[in-house]
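Have a look at protein.tsv below; it lists TSV, C-alpha atoms.
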chain	number	residue	atom	x	y	z
D	283	MET	CA	24.21	24.64	4.12
D	284	ASN	CA	21.42	23.07	2.05
D	285	VAL	CA	19.62	20.29	3.94
D	286	ALA	CA	16.73	18.11	2.72
D	287	PHE	CA	14.51	15.90	4.86
D	288	TYR	CA	13.26	13.06	2.66
D	289	PHE	CA	10.22	11.09	3.80
D	290	PRO	CA	7.33	10.82	1.32
D	291	TYR	CA	4.49	9.53	3.49
D	292	PRO	CA	0.76	10.31	3.32
D	293	THR	CA	-0.30	10.22	6.98
D	294	VAL	CA	0.93	11.35	10.37
D	295	GLY	CA	3.67	9.26	11.96
D	296	GLY	CA	6.68	9.51	14.22
D	297	VAL	CA	9.23	9.94	11.43
D	298	SER	CA	7.31	12.75	9.75
D	299	ILE	CA	6.89	14.63	13.03
D	300	LEU	CA	10.55	14.12	13.96
D	301	PHE	CA	11.73	15.41	10.58
D	302	LEU	CA	9.43	18.45	10.73
D	303	ARG	CA	10.76	19.36	14.16
D	304	CYS	CA	14.37	18.98	13.05
D	305	ALA	CA	13.65	20.99	9.90
D	306	GLU	CA	12.09	23.81	11.90
D	307	TYR	CA	15.13	24.02	14.18
D	308	LEU	CA	17.74	23.85	11.41
D	309	SER	CA	15.91	26.36	9.19
D	310	LYS	CA	17.10	29.14	11.49
D	311	LYS	CA	20.66	28.68	10.20
D	312	HIS	CA	20.35	26.58	7.03
D	313	LYS	CA	18.34	26.37	3.83
D	314	VAL	CA	15.98	23.47	4.50
D	315	PHE	CA	13.89	21.47	2.03
D	316	ILE	CA	11.02	19.09	2.78
D	317	VAL	CA	10.78	16.23	0.27
D	318	ASP	CA	7.38	14.54	0.36
D	319	LEU	CA	4.34	13.47	-1.65
D	320	ASN	CA	2.31	16.37	-3.05
D	321	ASN	CA	-0.33	15.79	-0.39
D	322	GLY	CA	1.87	14.08	2.19
D	323	TYR	CA	1.79	14.84	5.88
D	324	MET	CA	5.02	16.84	5.88
D	325	ALA	CA	3.96	18.71	2.73
D	326	ASN	CA	0.78	19.80	4.52
D	327	ASN	CA	2.69	20.97	7.60
D	328	ILE	CA	5.72	22.78	6.19
D	329	PRO	CA	7.49	24.78	8.94
D	330	SER	CA	8.09	28.46	8.32
D	331	GLY	CA	11.31	29.03	6.42
D	332	CYS	CA	11.34	25.61	4.74
D	333	THR	CA	10.77	24.82	1.05
D	334	PHE	CA	8.71	21.94	-0.32
D	335	VAL	CA	10.04	19.67	-3.08
D	336	CYS	CA	7.98	16.79	-4.48
D	337	TYR	CA	9.68	13.42	-4.12
D	338	ASP	CA	9.71	12.89	-7.91
D	339	GLN	CA	11.43	16.25	-8.47
D	340	VAL	CA	14.61	15.75	-6.43
D	341	SER	CA	16.69	16.94	-9.40
D	342	SER	CA	15.54	20.47	-8.49
D	343	LEU	CA	17.39	20.35	-5.15
D	344	PRO	CA	20.61	22.37	-4.85
D	345	ASP	CA	23.71	20.64	-6.21
D	346	ASP	CA	25.42	20.44	-2.79
D	347	VAL	CA	22.38	19.35	-0.79
D	348	VAL	CA	22.71	16.95	2.16
D	349	VAL	CA	19.74	14.56	2.25
D	350	LEU	CA	18.56	12.94	5.47
D	351	THR	CA	16.14	10.03	5.24
D	352	GLN	CA	14.97	7.13	7.34
D	353	SER	CA	17.19	4.11	6.79
D	354	CYS	CA	16.10	1.85	3.95
D	355	PRO	CA	17.63	-0.08	1.05
D	356	LEU	CA	18.82	2.52	-1.45
D	357	TRP	CA	16.69	0.98	-4.21
D	358	ARG	CA	13.54	1.82	-2.25
D	359	ILE	CA	14.10	5.50	-3.11
D	360	PRO	CA	12.43	5.57	-6.55
D	361	PHE	CA	14.23	8.58	-8.09
D	362	VAL	CA	17.57	8.15	-6.36
D	363	GLY	CA	19.39	8.53	-9.69
D	364	ASP	CA	17.90	12.02	-10.12
D	365	PHE	CA	19.60	13.61	-7.13
D	366	PRO	CA	22.10	16.35	-8.08
D	367	ALA	CA	25.64	15.24	-8.90
D	368	ASN	CA	27.15	16.41	-5.62
D	369	ALA	CA	24.24	15.51	-3.33
D	370	LYS	CA	25.17	13.62	-0.19
D	371	ILE	CA	22.90	11.32	1.78
D	372	MET	CA	22.66	10.24	5.42
D	373	PHE	CA	20.42	7.61	7.00
D	374	TRP	CA	18.72	7.66	10.40
D	375	ASN	CA	17.73	4.19	11.64
D	376	LEU	CA	14.32	4.80	13.22
D	377	HIS	CA	12.95	1.26	13.22
D	378	PRO	CA	14.83	-1.98	13.96
D	379	ASP	CA	13.70	-3.51	10.65
D	380	ASN	CA	14.86	-0.62	8.43
D	381	PHE	CA	17.65	-2.79	7.00
D	382	ASN	CA	15.84	-6.11	7.13
D	383	SER	CA	17.77	-8.68	5.10
D	384	LYS	CA	14.64	-10.73	4.34
D	385	VAL	CA	11.13	-9.98	3.11
D	386	GLY	CA	8.52	-12.08	4.86
D	387	LYS	CA	8.83	-14.57	7.67
D	388	SER	CA	7.63	-18.05	8.51
D	389	SER	CA	7.24	-20.25	11.56
D	390	SER	CA	8.75	-23.06	9.49
D	391	TYR	CA	12.47	-23.65	9.93
D	392	PHE	CA	12.67	-24.92	6.35
D	393	MET	CA	10.94	-21.84	4.90
D	394	ASN	CA	13.09	-19.46	6.94
D	395	SER	CA	16.21	-21.26	5.74
D	396	LEU	CA	14.97	-21.06	2.16
D	397	LEU	CA	14.24	-17.32	2.48
D	398	SER	CA	17.72	-16.76	3.94
D	399	PHE	CA	19.23	-18.52	0.92
D	400	LEU	CA	17.12	-16.65	-1.63
D	401	PHE	CA	17.87	-13.29	-0.02
D	402	LYS	CA	21.64	-13.80	0.22
D	403	GLY	CA	22.18	-11.15	-2.45
D	404	ARG	CA	19.93	-8.68	-0.64
D	405	LYS	CA	21.82	-9.27	2.59
D	406	ARG	CA	25.18	-8.77	0.86
D	407	LYS	CA	24.08	-5.46	-0.69
D	408	LEU	CA	22.62	-4.13	2.54
D	409	ARG	CA	25.74	-5.13	4.46
D	410	LYS	CA	27.86	-3.17	1.97
D	411	LEU	CA	25.56	-0.13	2.17
D	412	VAL	CA	25.58	-0.13	5.98
D	413	SER	CA	29.38	-0.56	6.08
D	414	VAL	CA	29.98	2.38	3.74
D	415	LEU	CA	27.56	4.62	5.60
D	416	ASN	CA	28.92	3.69	9.03
D	417	SER	CA	32.55	4.24	8.03
D	418	ASN	CA	31.62	7.75	6.89
D	419	ASN	CA	29.56	8.62	9.99
D	420	ALA	CA	26.53	8.89	7.71
D	421	LEU	CA	24.41	6.32	9.55
D	422	PHE	CA	22.72	7.15	12.87
D	423	PHE	CA	20.97	4.75	15.22
D	424	MET	CA	18.17	6.09	17.36
D	425	ASP	CA	18.83	3.46	20.02
D	426	LYS	CA	20.68	0.30	20.94
D	427	GLU	CA	17.84	-1.92	19.72
D	428	ASN	CA	18.18	-0.54	16.18
D	429	LYS	CA	21.92	-1.09	16.16
D	430	LEU	CA	21.78	-4.65	17.52
D	431	THR	CA	18.94	-5.71	15.22
D	432	THR	CA	20.79	-4.35	12.18
D	433	GLU	CA	23.96	-6.20	13.18
D	434	ASN	CA	22.08	-9.45	13.75
D	435	SER	CA	20.10	-9.21	10.53
D	436	LEU	CA	23.17	-8.51	8.38
D	437	ASP	CA	25.75	-10.56	10.32
D	438	ILE	CA	27.92	-7.48	10.71
D	439	ASN	CA	29.88	-5.91	13.56
D	440	LEU	CA	29.70	-2.12	13.40
D	441	LEU	CA	32.67	-0.28	14.84
D	442	ASP	CA	32.03	3.05	16.59
D	443	PRO	CA	28.40	3.45	15.48
D	444	VAL	CA	26.81	6.86	15.88
D	445	TYR	CA	23.88	6.99	18.29
D	446	LEU	CA	21.47	9.82	17.62
D	447	PRO	CA	18.47	9.53	19.96
D	448	ILE	CA	15.26	11.09	18.73
D	449	THR	CA	13.70	14.22	20.17
D	450	ASN	CA	10.26	15.79	20.21
D	451	SER	CA	11.10	19.45	20.60
D	452	VAL	CA	12.93	22.35	18.96
D	453	LYS	CA	13.38	24.29	22.20
D	454	ALA	CA	13.48	23.81	25.95
D	455	LYS	CA	10.06	22.81	27.25
D	456	SER	CA	8.60	23.77	30.58
D	457	LYS	CA	7.71	20.95	32.90
D	458	LEU	CA	4.07	20.85	33.88
D	459	LYS	CA	3.13	21.17	37.53
D	460	TYR	CA	2.46	17.50	38.17
D	461	ILE	CA	-0.23	16.68	40.71
D	462	PRO	CA	-0.58	12.96	41.55
D	463	PRO	CA	-4.07	11.60	42.15
D	464	ARG	CA	-5.36	11.31	45.68
D	465	ILE	CA	-6.28	7.85	46.88
D	466	SER	CA	-9.98	8.68	46.56
D	467	GLU	CA	-9.57	9.87	42.95
D	468	GLU	CA	-9.40	7.90	39.74
D	469	ILE	CA	-6.08	7.74	37.93
D	470	ASN	CA	-6.04	9.33	34.48
D	471	CYS	CA	-4.06	7.14	32.06
D	472	ILE	CA	-3.35	8.01	28.45
D	473	VAL	CA	-2.15	6.03	25.44
D	474	VAL	CA	-0.94	8.02	22.42
D	475	GLY	CA	0.20	6.55	19.12
D	476	ARG	CA	-0.63	5.48	15.60
D	477	LEU	CA	-3.15	2.62	15.63
D	478	SER	CA	-1.70	0.48	12.88
D	479	GLY	CA	0.91	-2.15	12.19
D	480	PHE	CA	3.19	-3.36	14.96
D	481	LYS	CA	1.80	-0.82	17.46
D	482	VAL	CA	-1.71	-2.25	17.65
D	483	SER	CA	-1.12	-5.35	19.77
D	484	ILE	CA	0.54	-3.49	22.64
D	485	VAL	CA	-2.25	-0.88	22.75
D	486	LYS	CA	-4.81	-3.68	22.99
D	487	HIS	CA	-2.73	-5.31	25.70
D	488	VAL	CA	-2.62	-2.11	27.77
D	489	ILE	CA	-6.39	-1.75	27.55
D	490	LYS	CA	-6.98	-5.35	28.62
D	491	ARG	CA	-4.51	-5.14	31.51
D	492	LEU	CA	-6.03	-1.92	32.83
D	493	GLU	CA	-9.48	-3.50	32.58
D	494	LEU	CA	-8.24	-6.29	34.86
D	495	CYS	CA	-6.69	-3.91	37.39
D	496	GLU	CA	-9.09	-3.70	40.34
D	497	THR	CA	-6.95	-1.86	42.89
D	498	HIS	CA	-7.96	1.66	41.79
D	499	ARG	CA	-10.47	3.45	39.59
D	500	VAL	CA	-9.06	4.10	36.12
D	501	HIS	CA	-9.94	6.54	33.34
D	502	LEU	CA	-8.15	5.62	30.12
D	503	THR	CA	-7.87	7.95	27.12
D	504	VAL	CA	-6.63	6.51	23.82
D	505	VAL	CA	-5.43	9.02	21.24
D	506	GLY	CA	-4.59	7.86	17.73
D	507	ASP	CA	-5.83	6.99	14.29
D	508	GLY	CA	-5.03	4.26	11.81
D	509	GLU	CA	-6.32	1.09	10.22
D	510	ALA	CA	-7.03	-0.54	13.61
D	511	ALA	CA	-8.94	2.45	15.03
D	512	ASN	CA	-12.32	0.71	14.78
D	513	ASP	CA	-11.01	-2.40	16.55
D	514	ILE	CA	-9.57	-0.27	19.35
D	515	GLN	CA	-12.83	1.64	19.76
D	516	GLU	CA	-14.76	-1.61	19.93
D	517	LEU	CA	-12.42	-2.93	22.61
D	518	LEU	CA	-12.82	0.30	24.61
D	519	ARG	CA	-16.61	0.04	24.40
D	520	SER	CA	-16.43	-3.49	25.80
D	521	CYS	CA	-14.63	-2.34	28.96
D	522	ARG	CA	-16.74	-2.53	32.13
D	523	ASN	CA	-14.26	-1.85	34.93
D	524	ILE	CA	-12.63	1.31	33.60
D	525	ARG	CA	-13.90	4.56	32.14
D	526	THR	CA	-12.68	5.15	28.59
D	527	THR	CA	-12.36	7.98	26.09
D	528	TYR	CA	-11.24	7.80	22.46
D	529	ILE	CA	-9.81	10.72	20.45
D	530	ASP	CA	-8.97	10.02	16.82
D	531	TYR	CA	-6.51	12.79	15.95
D	532	VAL	CA	-4.65	15.62	17.63
D	533	HIS	CA	-2.01	17.72	15.90
D	534	PHE	CA	1.36	17.09	17.51
D	535	GLU	CA	1.63	20.74	18.56
D	536	GLU	CA	-1.59	20.35	20.59
D	537	LEU	CA	-0.56	17.26	22.55
D	538	ASP	CA	0.58	19.20	25.61
D	539	GLY	CA	-3.00	20.11	26.39
D	540	LEU	CA	-4.00	16.45	26.45
D	541	PHE	CA	-1.26	15.49	28.86
D	542	LYS	CA	-1.84	18.23	31.42
D	543	ASN	CA	-4.54	16.24	33.26
D	544	SER	CA	-2.83	12.86	32.86
D	545	HIS	CA	-1.21	10.97	35.72
D	546	LEU	CA	0.37	8.12	33.74
D	547	ALA	CA	1.21	7.75	30.04
D	548	PHE	CA	1.79	4.62	27.95
D	549	ALA	CA	3.63	5.18	24.67
D	550	MET	CA	6.58	4.38	22.42
D	551	GLY	CA	8.77	6.48	20.13
D	552	THR	CA	8.17	10.22	19.93
D	553	SER	CA	4.84	9.84	21.73
D	554	ALA	CA	6.71	8.66	24.84
D	555	LEU	CA	8.86	11.79	24.63
D	556	ASP	CA	5.82	14.05	24.30
D	557	SER	CA	4.62	12.99	27.75
D	558	ALA	CA	8.07	12.63	29.35
D	559	SER	CA	9.11	16.13	28.29
D	560	LEU	CA	6.28	17.51	30.43
D	561	GLY	CA	7.18	15.38	33.43
D	562	ILE	CA	4.30	12.92	33.05
D	563	PRO	CA	5.41	9.50	34.37
D	564	THR	CA	5.69	7.42	31.21
D	565	ILE	CA	5.68	3.69	30.58
D	566	CYS	CA	7.84	2.90	27.56
D	567	LEU	CA	5.93	0.36	25.49
D	568	ASP	CA	7.51	-2.31	23.32
D	569	TYR	CA	6.01	-3.79	20.18
D	570	SER	CA	4.92	-7.11	18.75
D	571	HIS	CA	3.52	-8.24	15.42
D	572	GLU	CA	1.48	-10.88	17.27
D	573	ASP	CA	-1.20	-10.73	19.96
D	574	ILE	CA	0.31	-10.37	23.42
D	575	ALA	CA	-0.74	-12.81	26.14
D	576	GLY	CA	0.59	-13.08	29.69
D	577	ASN	CA	2.09	-10.53	32.05
D	578	TYR	CA	4.20	-8.26	29.89
D	579	LYS	CA	6.37	-6.23	32.27
D	580	PHE	CA	5.66	-2.50	32.21
D	581	ASN	CA	8.82	-0.37	32.53
D	582	TYR	CA	9.21	3.32	33.20
D	583	LEU	CA	10.98	5.28	30.47
D	584	TYR	CA	13.79	6.19	32.86
D	585	ASP	CA	14.56	2.49	33.43
D	586	VAL	CA	15.20	1.61	29.77
D	587	ASP	CA	18.65	0.96	28.32
D	588	GLY	CA	20.45	2.36	25.30
D	589	TYR	CA	18.01	5.18	24.45
D	590	ASN	CA	15.38	2.55	23.59
D	591	LEU	CA	11.89	3.90	22.96
D	592	GLY	CA	10.30	0.58	22.08
D	593	ARG	CA	11.77	-2.74	21.02
D	594	LYS	CA	10.49	-6.11	19.89
D	595	ILE	CA	8.92	-8.07	22.74
D	596	VAL	CA	10.69	-11.32	23.61
D	597	SER	CA	10.03	-14.03	26.22
D	598	ASP	CA	12.25	-12.31	28.81
D	599	ASP	CA	9.83	-9.36	28.83
D	600	PHE	CA	7.19	-11.37	30.71
D	601	ILE	CA	6.90	-11.92	34.46
D	602	GLU	CA	4.84	-14.25	36.61
D	603	ILE	CA	2.97	-11.61	38.62
D	604	ASP	CA	1.24	-8.62	37.03
D	605	ASN	CA	3.25	-5.48	37.92
D	606	LEU	CA	0.67	-2.98	36.64
D	607	PRO	CA	-1.02	-2.63	40.06
D	608	ASP	CA	2.41	-1.76	41.51
D	609	VAL	CA	2.96	0.86	38.80
D	610	ILE	CA	-0.40	2.45	39.52
D	611	ASN	CA	0.28	2.36	43.24
D	612	ASP	CA	3.59	4.16	42.55
D	613	ILE	CA	1.69	7.02	40.95
D	614	TYR	CA	-0.54	7.40	44.01
D	615	THR	CA	2.23	7.12	46.60
D	616	GLN	CA	5.33	8.55	44.87
D	617	GLY	CA	4.03	10.22	41.74
D	618	LEU	CA	6.10	13.38	42.21
D	619	SER	CA	9.30	11.34	42.36
D	620	CYS	CA	8.32	9.41	39.21
D	621	SER	CA	7.58	12.71	37.50
D	622	GLU	CA	10.98	14.20	38.40
D	623	LYS	CA	12.87	11.08	37.29
D	624	THR	CA	10.98	11.01	34.01
D	625	HIS	CA	11.70	14.66	33.23
D	626	ARG	CA	15.37	14.36	34.21
D	627	TYR	CA	15.83	11.35	31.93
D	628	TYR	CA	14.25	13.26	29.06
D	629	LEU	CA	16.51	16.30	29.52
D	630	GLU	CA	19.64	14.17	29.67
D	631	ASN	CA	18.85	12.03	26.62
D	632	HIS	CA	16.15	13.41	24.30
D	633	SER	CA	15.91	17.20	24.51
D	634	TYR	CA	16.24	19.58	21.56
D	635	LYS	CA	20.04	19.32	21.96
D	636	VAL	CA	19.77	16.13	19.90
D	637	ILE	CA	19.22	18.37	16.86
D	638	GLU	CA	22.40	20.26	17.71
D	639	LYS	CA	24.20	16.92	17.55
D	640	LEU	CA	22.57	16.18	14.20
D	641	GLU	CA	23.73	19.57	12.93
D	642	SER	CA	27.33	18.69	13.80
D	643	TYR	CA	27.12	15.68	11.45
D	644	LEU	CA	25.77	17.55	8.43
D	645	SER	CA	29.25	17.92	6.97
D	646	ASN	CA	29.44	14.13	6.69
D	647	GLY	CA	27.27	12.11	4.33
D	648	VAL	CA	28.14	9.95	1.35
D	649	LEU	CA	27.81	11.09	-2.25
D	650	VAL	CA	24.71	9.50	-3.75
D	651	LYS	CA	26.59	8.95	-7.01
D	652	ASP	CA	29.27	6.95	-5.15
D	653	LEU	CA	26.63	4.59	-3.77
D	654	ILE	CA	25.15	4.25	-7.25
D	655	GLU	CA	28.59	3.45	-8.70
D	656	LEU	CA	28.79	0.60	-6.16
D	657	GLY	CA	25.50	-0.73	-7.57
D	658	LEU	CA	23.70	-0.27	-4.25
D	659	ASN	CA	20.72	1.36	-5.94
D	660	GLN	CA	20.02	-1.91	-7.75
D	661	GLU	CA	18.09	-4.55	-5.85
D	662	ASP	CA	19.26	-8.16	-5.76
D	663	TRP	CA	17.72	-10.61	-8.25
D	664	PHE	CA	15.21	-12.14	-5.84
D	665	THR	CA	13.97	-8.81	-4.50
D	666	ARG	CA	13.58	-7.71	-8.13
D	667	ILE	CA	11.41	-10.73	-8.88
D	668	ILE	CA	9.18	-9.94	-5.90
D	669	ILE	CA	8.80	-6.33	-7.04
D	670	GLU	CA	7.90	-7.37	-10.58
D	671	LEU	CA	5.50	-10.16	-9.58
D	672	PHE	CA	3.68	-8.72	-6.60
D	673	ASN	CA	4.14	-4.94	-6.73
D	674	LYS	CA	3.09	-3.98	-10.23
D	675	SER	CA	3.02	-0.28	-9.39
D	676	LYS	CA	6.39	-0.67	-7.67
D	677	VAL	CA	5.92	2.53	-5.65
D	678	ASP	CA	3.46	2.20	-2.77
D	679	ASP	CA	1.28	4.95	-1.36
D	680	SER	CA	4.16	6.10	0.83
D	681	GLY	CA	6.36	7.10	-2.10
D	682	PHE	CA	8.89	4.33	-1.40
D	683	ILE	CA	9.39	1.21	-3.51
D	684	LYS	CA	7.72	-1.50	-1.45
D	685	VAL	CA	10.56	-3.93	-0.76

Take the structure in the file and write it out as structure tokens.
Amino acid sequence: MNVAFYFPYPTVGGVSILFLRCAEYLSKKHKVFIVDLNNGYMANNIPSGCTFVCYDQVSSLPDDVVVLTQSCPLWRIPFVGDFPANAKIMFWNLHPDNFNSKVGKSSSYFMNSLLSFLFKGRKRKLRKLVSVLNSNNALFFMDKENKLTTENSLDINLLDPVYLPITNSVKAKSKLKYIPPRISEEINCIVVGRLSGFKVSIVKHVIKRLELCETHRVHLTVVGDGEAANDIQELLRSCRNIRTTYIDYVHFEELDGLFKNSHLAFAMGTSALDSASLGIPTICLDYSHEDIAGNYKFNYLYDVDGYNLGRKIVSDDFIEIDNLPDVINDIYTQGLSCSEKTHRYYLENHSYKVIEKLESYLSNGVLVKDLIELGLNQEDWFTRIIIELFNKSKVDDSGFIKV
């Protein structure tokens, strides 16, 4: 079978790494293509046995190719009309806002109501796209949060949705020999993730909360790069109660070495799986587009619901008393148990067997030409105005049309 992973994106990110891992696994039995920018992250890290195709040359893909991409409005794929006549497409919802029915937001009730009215056409088109994909088992949700957010945004009730949790590995991984810190030792904490967008505020919050934790000595390592890297480094330099280290970039295949001396990890998405797969007790972080104040409740990965690897923070996620000292105390007193629970949860929900499940769905998919015949490649009138007025180049540096 011919399979193409479509994600034109310039820098490292969870989707690119996930697609590369899936491509590497499937290339053992299938002909796999990587569709990216000429100098995109996936293009620069092509797994052995896979073939690169530039995102503006999709007409060169085999006629019967099955394309897998992150969920998005079909019109955001700039050369969607160039796919071969019999190409099929499948979408993997990897962020709750992938099918957002509105562009922009406001604290004003009036403005939000106005945006809802203006984007009625966008909502209608996305609802149709999601319905067609779901009825053909060509839409996968990485977790419950993605499914619920999509339903709420589009006012739709999805029957028998397909859950496809993400993974971080193409083979069984060996659990590290986990050694909890002794009471007299400092605890080694690590935060791994891209330092941009919605991920920044929670990273800052973790740093500030650890700085306030006076029960034990803490060494915090932050690993990541992005537009907020300088801000994060400045915050780390301002810390007086904890020891800090910053590392800007580590190739995803080299992460295991970073985790081997860690006692506690804080992460979301694939980064949370990287630590959990080795048996490192992992706090599953949630995200916010705003600064986070108050006592956000830290939860172990094995306590989350619906395969969630990070969801939008709401008021119910805060508690009166800081629970971070309790979490750190857990690592000192029952670290081995936390390690075992973390690793067991990973094996049961996010191991390489996820890719085997993906493989079983490759015979599904919806013909791209059928979606085009439904007009789903054409944006609604208001989205079109926004593209013409504010996005003169239309295609952003990721290779997707911006809205």

Checklist entry - Hey, which of D:Val347, D:Ile595, D:Ile668, D:Leu300 ends up closest to D:Asn368? Count only C-alpha atoms. => result D:Val347

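Reported to one decimal place, the separation of atom CA of D:Asn382 from atom CA of D:Asn419 is 20.3 Å.
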
Next on the checklist: Calculated over all atoms listed in the file, which of the candidates D:Ile654, D:Met324, D:Val444, D:Leu555 has the smallest distance to D:Asn428?
Outcome noted: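 For D:Asn428, the nearest of the candidates is D:Val444.
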
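Among the candidates D:Lys426, D:His571, D:Arg491, D:Lys405, the one nearest to D:Ile438 when counting only C-alpha atoms is D:Lys405.
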
Checklist entry - Mind pulling up the distance from atom CA of D:Phe301 to atom CA of D:Asp662? => result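 Straight-line distance from atom CA of D:Asp662 to atom CA of D:Phe301 works out to 29.7 Å.
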
Item to check | Residue nearest D:Glu467 among D:Ala369, D:Val500, D:Leu440, D:Met283 (counting all atoms listed in the file) | outcome: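 Smallest separation from D:Glu467 among the options: D:Val500.
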
Item to check | Radius query 7 Å about (4.0, 12.0, 36.5), atoms used: only C-alpha atoms, as a PyMOL selection string | outcome: chain D and resi 460+462+545-546+561-563+617-618+620-621

Item to check | Straight-line distance linking atom CA of D:Arg476 with atom CA of D:Glu306, stated in Å to one decimal | outcome: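 Result for atom CA of D:Arg476 versus atom CA of D:Glu306: 22.6 Å, one decimal.
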
Checklist entry - From the list D:Asn320, D:Ser435, D:Ser390, D:Ser395, which residue is nearest D:Arg409 when using all atoms listed in the file? => result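 With all atoms listed in the file as the atom set, the closest residue is D:Ser435.
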
Checklist entry - Using only C-alpha atoms, which residues sit within 12 Å of D:Asn512 once same-chain residues fewer than 3 positions away are excluded, as a PyMOL selection string? => result chain D and resi 477-478+482+486+506-509+515-519+528-530
